[in-house]
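**Student:** Starting off with a structure, shown below.
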There are 2 protein chains.
Amino acid sequence: MARISDPAILIPKARDGDRRSLARLITLIEEGGEAGTAILAGVFGSSGEAWTTGLTGAPGAGKSTLTDRLIGNMRETGSEVAVVAVDPSSPFSGGAILGDRVRMQDHIDDSGVYVRSMASRGHLGGISVATPRVVALLDGIGFPEVVIETVGVGQAEVEIAGNADTTLVVVNPGWGDSVQAAKAGLLEIGDIFVVNKADRAGVNETVRDLTQMLDLGGERSWKPPILPTVAATGDGIPELWAAINEHRHHLVASGKLAGMRSKRLVAEMEASLLGGLRRQVRASIPEAEWADVTDRVVGREVDPWTAAARLLRSLGVASE
Amino acid sequence: MARISDPAILIPKARDGDRRSLARLITLIEEGGEAGTAILAGVFGSSGEAWTTGLTGAPGAGKSTLTDRLIGNMRETGSEVAVVAVDPSSPFSGGAILGDRVRMQDHIDDSGVYVRSMASRGHLGGISVATPRVVALLDGIGFPEVVIETVGVGQAEVEIAGNADTTLVVVNPGWGDSVQAAKAGLLEIGDIFVVNKADRAGVNETVRDLTQMLDLGGERSWKPPILPTVAATGDGIPELWAAINEHRHHLVASGKLAGMRSKRLVAEMEASLLGGLRRQVRASIPEAEWADVTDRVVGREVDPWTAAARLLRSLGVASE
């Protein structure tokens, strides 16, 4: 059977809860191209309502178990939940899909929960481009809750998780972890800091270190709370869920939510524009010519600025 | 008198030591355009010989005093030294120029030392674009030593200093400073860590903290030394100068220098290409149209991907 690629057929089926149609839509978006744009345009009118929650932190910090717990809280009100698990380091979709099944043990039979892994299998030009589009789709399809969980703390993952409405940074007790969090740029993006596995030694020190490091950042209108949890037992999860809701209330009451969402829309447009221009360059310059030009630049036969100006002229673009 | 803008006149004069011609060349490069490209192309053949040393660290860490000391070491062998002081936060060239005079007290009458501030006065599209070009000019004009000193630790400054052959990260004694360095991404870029003002309390703790944080980064072929200095008195400067020379030897012996320089040339070409494309977009889309499109995207009248596709089509570029 030929695969259906028509958004007009796939979108209504996905809205009715057909997960295979939803998965197909996501794949089409990951592949880029006109089909992806048509899908996004098709659901845009009903998007803008989902709450997005990002979780980031080092591998092994317990993000999946925390996500599992938070899904439980979200499901209490009947909200459907979509989880996007971002793993730029995994080139194999097979591994990522296996990961999905293992990941969300508690909700594997819950039809109100949809889990999708994003590995670097997409053709669109990186997970940083594909993830916000997939989130926009899940939003537009009608998920009121979208959780974005990253596998590690690479630059792309931090950027993706940091773009959620509420970003949770997950660390573990111990000196090294809070410093690693600082090194990875997590202090800037966290709305809530979670010291998970808080049944281990060193929780107070980690809370103190994080407090001191955050204080160095100066006053902000939202002071990120630092919450100890034991996701495995559920300890601290009610407090975490309360903090998430408090942060959401803060975003609405302060008017920040509207500003953040407008900014994200313009950023999406600019990313799409720049992507189009890059594709033009790639499509217009044959691989062999590109290799030849870089060889000559590296060999110092031609300077980089003259080489760029020639390439631009060959593309019909005026050089500087 | 009309200002001379002809590279064929300015370049030989600058090579002969005429600082006004050199300053004019730098301004032309900062302004971008064909004159800048012609200058860079004109000196490229004699470039690729300079050693570049980057200094970065928080304001007040003592980078200028350290630079002053290192100029002394460089001048001992008779090498001419150019210092590029990068201050993206200062929009006023007047302030930056005054800064130059105050900055390098010890060498103000030394004609073998040239100091230039780079503020955000350039028209080229940011100090991140202009600085490597100015460094390439100073290299091509014949300075064997180019020091790149940043005023702070913003993202652009860290990137610029980190692109030097040898990057010094300057911190002061005290807990907060090493954590700030980590937060700013300085641990990744430092080839040598300098704990300046080491006559203050807390030096050992800072050295220990930095050691531990660097150890978290895993094994690397170059283990960055952590050196206490008191730039104001000269304490520790001979050791620092020895470490710089050891690092240079390491770069040559390991073959890394050639690789780094090739990579930088290709990065320059790509930056120049992308700059050209961005300019095409800016030039092709009238300001009013851009404002109108973003307004409609923010107002959710049109989705960002469709808006980008329309803009691309209006530029004659195929959309995704």
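How things are named: the first chain in the structure tokens is A, the next is B, and so on; residues count from 1 in each chain; ligands count from 1 in the order shown.
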Write out as a Markdown table the residues of chain A that have any atom within 7 Å of an atom of chain B, one row each with the nearest atom pair and its distance in Å to one decimal, counting only C-alpha atoms, sorted by chain and then rising number.

**Tutor:**
```
| residue | atom | partner | partner_atom | distance |
| --- | --- | --- | --- | --- |
| A:Gly32 | CA | B:Glu320 | CA | 6.8 |
| A:Gly33 | CA | B:Glu320 | CA | 4.5 |
| A:Glu34 | CA | B:Glu320 | CA | 5.5 |
| A:Thr37 | CA | B:Trp305 | CA | 6.1 |
| A:Ala41 | CA | B:Asp303 | CA | 5.9 |
| A:Phe44 | CA | B:Asp303 | CA | 6.2 |
| A:Ala182 | CA | B:Lys183 | CA | 5.0 |
| A:Lys183 | CA | B:Ala182 | CA | 5.0 |
| A:Gly185 | CA | B:Lys183 | CA | 6.1 |
| A:Ser262 | CA | B:Val298 | CA | 5.1 |
| A:Leu265 | CA | B:Pro304 | CA | 6.1 |
| A:Val266 | CA | B:Thr294 | CA | 6.4 |
| A:Glu268 | CA | B:Pro304 | CA | 6.0 |
| A:Met269 | CA | B:Pro304 | CA | 4.4 |
| A:Ser272 | CA | B:Ala308 | CA | 5.9 |
| A:Leu273 | CA | B:Ala308 | CA | 5.2 |
| A:Gly276 | CA | B:Ser319 | CA | 5.8 |
| A:Leu277 | CA | B:Leu277 | CA | 6.9 |
| A:Gln280 | CA | B:Val317 | CA | 6.7 |
| A:Thr294 | CA | B:Val266 | CA | 6.4 |
| A:Val297 | CA | B:Leu265 | CA | 6.6 |
| A:Val298 | CA | B:Ser262 | CA | 5.1 |
| A:Asp303 | CA | B:Ala41 | CA | 5.9 |
| A:Pro304 | CA | B:Met269 | CA | 4.4 |
| A:Trp305 | CA | B:Met269 | CA | 5.8 |
| A:Thr306 | CA | B:Ala41 | CA | 6.6 |
| A:Ala307 | CA | B:Met269 | CA | 6.8 |
| A:Ala308 | CA | B:Leu273 | CA | 5.2 |
| A:Leu312 | CA | B:Leu273 | CA | 6.6 |
| A:Val317 | CA | B:Gln280 | CA | 6.7 |
| A:Ser319 | CA | B:Gly276 | CA | 5.8 |
| A:Glu320 | CA | B:Gly33 | CA | 4.5 |
```

**Student:** Keeping N, CA and C atoms, export the residues of the selection given above as an mmCIF file, in the first residue's frame.

**Tutor:**
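So the final result, stored in selection.cif, reads:
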```cif
data_model
loop_
_atom_site.group_PDB
_atom_site.id
_atom_site.type_symbol
_atom_site.label_atom_id
_atom_site.label_comp_id
_atom_site.auth_asym_id
_atom_site.auth_seq_id
_atom_site.Cartn_x
_atom_site.Cartn_y
_atom_site.Cartn_z
ATOM 1 N N GLY A 32 11.302 17.791 5.775
ATOM 2 C CA GLY A 32 11.294 19.120 5.170
ATOM 3 C C GLY A 32 10.474 19.107 3.893
ATOM 4 N N GLY A 33 10.742 20.039 3.012
ATOM 5 C CA GLY A 33 10.040 20.063 1.738
ATOM 6 C C GLY A 33 8.656 20.687 1.845
ATOM 7 N N GLU A 34 8.008 20.764 0.702
ATOM 8 C CA GLU A 34 6.716 21.448 0.637
ATOM 9 C C GLU A 34 5.629 20.739 1.436
ATOM 10 N N THR A 37 5.795 21.953 4.992
ATOM 11 C CA THR A 37 5.262 23.312 5.129
ATOM 12 C C THR A 37 3.735 23.303 5.041
ATOM 13 N N ALA A 41 1.247 24.642 7.890
ATOM 14 C CA ALA A 41 0.265 25.677 7.550
ATOM 15 C C ALA A 41 -1.149 25.181 7.850
ATOM 16 N N PHE A 44 -1.797 25.318 11.681
ATOM 17 C CA PHE A 44 -1.396 26.535 12.398
ATOM 18 C C PHE A 44 -2.574 27.241 13.063
ATOM 19 N N ALA A 182 26.308 24.428 35.038
ATOM 20 C CA ALA A 182 26.746 25.792 34.740
ATOM 21 C C ALA A 182 27.512 25.822 33.421
ATOM 22 N N LYS A 183 28.429 24.853 33.257
ATOM 23 C CA LYS A 183 29.244 24.804 32.039
ATOM 24 C C LYS A 183 28.390 24.630 30.793
ATOM 25 N N GLY A 185 25.584 25.795 30.273
ATOM 26 C CA GLY A 185 24.702 26.939 30.016
ATOM 27 C C GLY A 185 23.295 26.731 30.542
ATOM 28 N N SER A 262 5.326 35.248 20.494
ATOM 29 C CA SER A 262 5.540 36.084 19.303
ATOM 30 C C SER A 262 6.983 35.958 18.824
ATOM 31 N N LEU A 265 7.587 32.769 16.970
ATOM 32 C CA LEU A 265 7.038 32.755 15.612
ATOM 33 C C LEU A 265 7.973 33.468 14.638
ATOM 34 N N VAL A 266 8.481 34.632 15.056
ATOM 35 C CA VAL A 266 9.391 35.367 14.170
ATOM 36 C C VAL A 266 10.683 34.576 13.980
ATOM 37 N N GLU A 268 10.988 31.380 14.003
ATOM 38 C CA GLU A 268 10.673 30.294 13.060
ATOM 39 C C GLU A 268 10.720 30.793 11.622
ATOM 40 N N MET A 269 10.167 31.975 11.410
ATOM 41 C CA MET A 269 10.155 32.520 10.056
ATOM 42 C C MET A 269 11.579 32.791 9.578
ATOM 43 N N SER A 272 13.399 29.647 8.774
ATOM 44 C CA SER A 272 12.914 29.085 7.524
ATOM 45 C C SER A 272 13.493 29.834 6.316
ATOM 46 N N LEU A 273 13.571 31.146 6.454
ATOM 47 C CA LEU A 273 14.178 31.980 5.408
ATOM 48 C C LEU A 273 15.644 31.608 5.198
ATOM 49 N N GLY A 276 16.125 28.359 3.552
ATOM 50 C CA GLY A 276 15.887 28.439 2.117
ATOM 51 C C GLY A 276 17.097 28.990 1.372
ATOM 52 N N LEU A 277 17.736 30.003 1.957
ATOM 53 C CA LEU A 277 18.910 30.599 1.320
ATOM 54 C C LEU A 277 20.072 29.609 1.299
ATOM 55 N N GLN A 280 19.567 27.153 -1.312
ATOM 56 C CA GLN A 280 19.865 27.695 -2.638
ATOM 57 C C GLN A 280 21.364 27.584 -2.941
ATOM 58 N N THR A 294 37.160 25.204 -1.645
ATOM 59 C CA THR A 294 37.716 25.126 -0.288
ATOM 60 C C THR A 294 39.163 24.636 -0.326
ATOM 61 N N VAL A 297 41.253 27.562 -1.109
ATOM 62 C CA VAL A 297 41.342 28.501 0.024
ATOM 63 C C VAL A 297 42.301 27.943 1.074
ATOM 64 N N VAL A 298 42.135 26.656 1.402
ATOM 65 C CA VAL A 298 43.006 26.039 2.401
ATOM 66 C C VAL A 298 44.455 26.026 1.908
ATOM 67 N N ASP A 303 42.208 33.946 -1.501
ATOM 68 C CA ASP A 303 41.789 34.326 -0.152
ATOM 69 C C ASP A 303 40.300 34.045 0.018
ATOM 70 N N PRO A 304 39.862 33.820 1.259
ATOM 71 C CA PRO A 304 38.470 33.412 1.495
ATOM 72 C C PRO A 304 37.432 34.433 1.048
ATOM 73 N N TRP A 305 37.764 35.733 1.099
ATOM 74 C CA TRP A 305 36.787 36.766 0.775
ATOM 75 C C TRP A 305 36.559 36.852 -0.727
ATOM 76 N N THR A 306 37.659 36.718 -1.491
ATOM 77 C CA THR A 306 37.536 36.701 -2.946
ATOM 78 C C THR A 306 36.792 35.442 -3.395
ATOM 79 N N ALA A 307 37.095 34.315 -2.751
ATOM 80 C CA ALA A 307 36.419 33.064 -3.097
ATOM 81 C C ALA A 307 34.914 33.195 -2.856
ATOM 82 N N ALA A 308 34.548 33.783 -1.710
ATOM 83 C CA ALA A 308 33.129 33.951 -1.391
ATOM 84 C C ALA A 308 32.465 34.886 -2.396
ATOM 85 N N LEU A 312 29.321 34.009 -4.762
ATOM 86 C CA LEU A 312 28.097 34.813 -4.725
ATOM 87 C C LEU A 312 27.733 35.307 -6.114
ATOM 88 N N VAL A 317 24.194 36.783 -6.878
ATOM 89 C CA VAL A 317 24.051 37.675 -5.729
ATOM 90 C C VAL A 317 25.210 38.664 -5.770
ATOM 91 N N SER A 319 28.170 40.725 -4.516
ATOM 92 C CA SER A 319 29.064 40.536 -3.377
ATOM 93 C C SER A 319 29.094 41.827 -2.574
ATOM 94 N N GLU A 320 29.857 41.813 -1.523
ATOM 95 C CA GLU A 320 29.882 42.963 -0.597
ATOM 96 C C GLU A 320 30.265 44.251 -1.303
#
```

**Student:** Residues within 8 Å of range 77-84 of chain B, please, as a list in words. Count only C-alpha atoms; anything in the same chain fewer than 2 positions from it doesn't count.

**Tutor:** Ile71, Asn73, Met74, Arg75, Val86, Gly112, Val113, Tyr114, Val115, Arg116, Ser117, Met118, Val135, Leu138, Phe143, Pro144, Glu145, Val146, Val147, Ile148 and Glu149 of chain B

**Student:** Point out the residue among B:Glu239, B:Gly140, B:Gly202, B:Thr56 with the least atom-to-atom distance to Ile11 in chain B, counting only C-alpha atoms.

**Tutor:**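 The closest residue to Ile11 in chain B is B:Gly140.
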
**Student:** Could you go through range 7-251 of chain B and tell me which residues DSSP, when run on the backbone, assigns to helix (DSSP H, G or I), listing them as JSON, numbers by chain?

**Tutor:** {"B": [7, 8, 9, 10, 11, 12, 13, 14, 15, 19, 20, 21, 22, 23, 24, 25, 26, 27, 28, 29, 30, 33, 34, 35, 36, 37, 38, 39, 40, 41, 42, 43, 44, 63, 64, 65, 66, 67, 68, 69, 70, 71, 72, 73, 74, 75, 76, 93, 94, 95, 96, 97, 98, 99, 100, 101, 102, 103, 105, 106, 107, 127, 128, 129, 130, 131, 132, 133, 134, 135, 136, 137, 138, 139, 140, 141, 155, 156, 157, 158, 159, 160, 161, 162, 175, 176, 177, 178, 179, 180, 181, 182, 183, 186, 187, 188, 189, 203, 204, 205, 206, 207, 208, 209, 210, 211, 212, 213, 214, 215, 216, 237, 238, 239, 240, 241, 242, 243, 244, 245, 246, 247, 248, 249, 250, 251]}

**Student:** Can you write just those residues out, C-alpha atoms, as a compact mmCIF listing (two decimals), in the first residue's frame?

**Tutor:**
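Ended up saving to again_27.txt:
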```txt
# COMPACT_ATOMS: atom_id res chain seq x y z
CA PRO B 7 44.52 49.86 -1.16
CA ALA B 8 47.37 50.07 -3.67
CA ILE B 9 48.52 53.29 -1.97
CA LEU B 10 47.53 52.51 1.62
CA ILE B 11 48.96 48.98 1.92
CA PRO B 12 52.60 49.83 1.09
CA LYS B 13 52.45 52.87 3.38
CA ALA B 14 51.04 50.76 6.21
CA ARG B 15 53.79 48.18 5.65
CA ARG B 19 49.95 54.10 11.33
CA ARG B 20 47.44 56.51 9.79
CA SER B 21 47.33 54.41 6.62
CA LEU B 22 46.93 51.29 8.72
CA ALA B 23 44.08 52.87 10.70
CA ARG B 24 42.40 53.86 7.42
CA LEU B 25 42.70 50.29 6.11
CA ILE B 26 41.10 48.94 9.28
CA THR B 27 38.23 51.39 9.00
CA LEU B 28 37.64 50.37 5.40
CA ILE B 29 37.56 46.71 6.46
CA GLU B 30 35.15 47.51 9.29
CA GLY B 33 32.09 46.54 0.95
CA GLU B 34 34.36 45.93 -2.00
CA ALA B 35 37.17 48.12 -0.67
CA GLY B 36 37.47 45.89 2.39
CA THR B 37 37.58 42.74 0.29
CA ALA B 38 40.20 44.28 -2.00
CA ILE B 39 42.41 45.14 0.98
CA LEU B 40 42.15 41.66 2.45
CA ALA B 41 42.88 40.11 -0.94
CA GLY B 42 45.83 42.47 -1.34
CA VAL B 43 47.60 41.41 1.85
CA PHE B 44 46.52 37.76 1.89
CA LYS B 63 43.60 41.69 31.09
CA SER B 64 45.03 45.02 29.97
CA THR B 65 47.82 44.97 32.54
CA LEU B 66 48.61 41.39 31.53
CA THR B 67 48.63 42.41 27.87
CA ASP B 68 50.99 45.23 28.76
CA ARG B 69 53.38 42.72 30.38
CA LEU B 70 53.17 40.27 27.48
CA ILE B 71 53.91 43.06 24.99
CA GLY B 72 57.15 43.53 26.95
CA ASN B 73 58.03 39.86 26.42
CA MET B 74 57.17 39.99 22.73
CA ARG B 75 59.16 43.17 22.19
CA GLU B 76 62.31 41.61 23.71
CA SER B 93 34.44 55.03 19.10
CA GLY B 94 35.52 58.03 21.15
CA GLY B 95 35.35 56.03 24.34
CA ALA B 96 37.21 53.15 22.81
CA ILE B 97 39.98 55.37 21.49
CA LEU B 98 40.40 57.03 24.85
CA GLY B 99 40.59 53.52 26.28
CA ASP B 100 43.56 52.72 24.02
CA ARG B 101 45.60 55.57 25.38
CA VAL B 102 44.95 54.70 28.98
CA ARG B 103 45.33 51.01 28.33
CA GLN B 105 50.78 52.82 29.49
CA ASP B 106 54.15 51.14 29.22
CA HIS B 107 54.26 51.11 25.44
CA ILE B 127 32.32 42.65 15.65
CA SER B 128 32.44 38.85 15.23
CA VAL B 129 32.72 39.37 11.49
CA ALA B 130 35.03 42.38 11.55
CA THR B 131 37.61 41.21 14.10
CA PRO B 132 39.03 38.17 12.28
CA ARG B 133 39.33 40.31 9.16
CA VAL B 134 41.24 43.02 10.99
CA VAL B 135 43.49 40.34 12.48
CA ALA B 136 44.08 38.98 8.97
CA LEU B 137 45.04 42.49 7.85
CA LEU B 138 47.49 43.01 10.73
CA ASP B 139 48.97 39.59 9.94
CA GLY B 140 49.28 40.45 6.25
CA ILE B 141 50.76 43.88 6.95
CA GLN B 155 29.33 35.39 23.54
CA ALA B 156 30.97 37.31 20.69
CA GLU B 157 34.04 38.11 22.78
CA VAL B 158 34.49 34.53 23.90
CA GLU B 159 34.20 33.33 20.31
CA ILE B 160 36.70 35.91 19.07
CA ALA B 161 39.29 35.24 21.78
CA GLY B 162 38.79 31.50 21.46
CA TRP B 175 34.88 31.21 44.31
CA GLY B 176 32.51 33.21 42.13
CA ASP B 177 35.03 34.01 39.45
CA SER B 178 35.84 30.45 38.41
CA VAL B 179 32.15 29.61 38.30
CA GLN B 180 31.47 32.71 36.21
CA ALA B 181 34.24 31.56 33.89
CA ALA B 182 32.55 28.18 33.59
CA LYS B 183 29.17 29.81 32.95
CA LEU B 186 35.59 29.86 29.11
CA LEU B 187 36.68 26.41 30.29
CA GLU B 188 36.27 25.04 26.79
CA ILE B 189 38.34 27.70 25.05
CA VAL B 203 44.33 31.70 45.01
CA ASN B 204 44.76 28.06 46.00
CA GLU B 205 41.02 27.51 46.11
CA THR B 206 40.57 29.05 42.67
CA VAL B 207 43.40 26.92 41.23
CA ARG B 208 41.84 23.84 42.83
CA ASP B 209 38.34 24.69 41.54
CA LEU B 210 39.62 25.29 38.03
CA THR B 211 41.64 22.07 38.14
CA GLN B 212 38.59 20.07 39.18
CA MET B 213 36.37 21.71 36.59
CA LEU B 214 38.92 21.15 33.83
CA ASP B 215 39.35 17.51 34.88
CA LEU B 216 35.62 17.02 34.31
CA ILE B 237 54.81 36.70 34.01
CA PRO B 238 58.01 34.81 33.02
CA GLU B 239 56.18 31.52 33.74
CA LEU B 240 53.19 32.70 31.71
CA TRP B 241 55.36 33.68 28.76
CA ALA B 242 57.10 30.28 28.95
CA ALA B 243 53.70 28.54 28.93
CA ILE B 244 52.60 30.53 25.86
CA ASN B 245 55.74 29.46 24.03
CA GLU B 246 55.26 25.87 25.13
CA HIS B 247 51.71 25.95 23.77
CA ARG B 248 52.92 27.36 20.46
CA HIS B 249 55.48 24.57 20.24
CA HIS B 250 52.72 22.05 20.97
CA LEU B 251 50.54 23.50 18.18
```

**Student:** Check the DSSP output for the backbone and give back, as a PyMOL selection string, the residues of range 72-282 of chain B in strand (DSSP E).

**Tutor:** chain B and resi 81-86+113-118+145-150+166-171+192-196+226-229

**Student:** In Å, how far is it from CA of Glu49 in chain B to CA of Leu168 in chain B?

**Tutor:**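 Straight-line distance from CA of Glu49 in chain B to CA of Leu168 in chain B works out to 20.0 Å.
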
**Student:** Just the number, please: distance in Å from CA of Ala58 in chain A to CA of Asp191 in chain A, one decimal.

**Tutor:**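 CA of Asp191 in chain A lies at a distance of 16.8 Å from CA of Ala58 in chain A.
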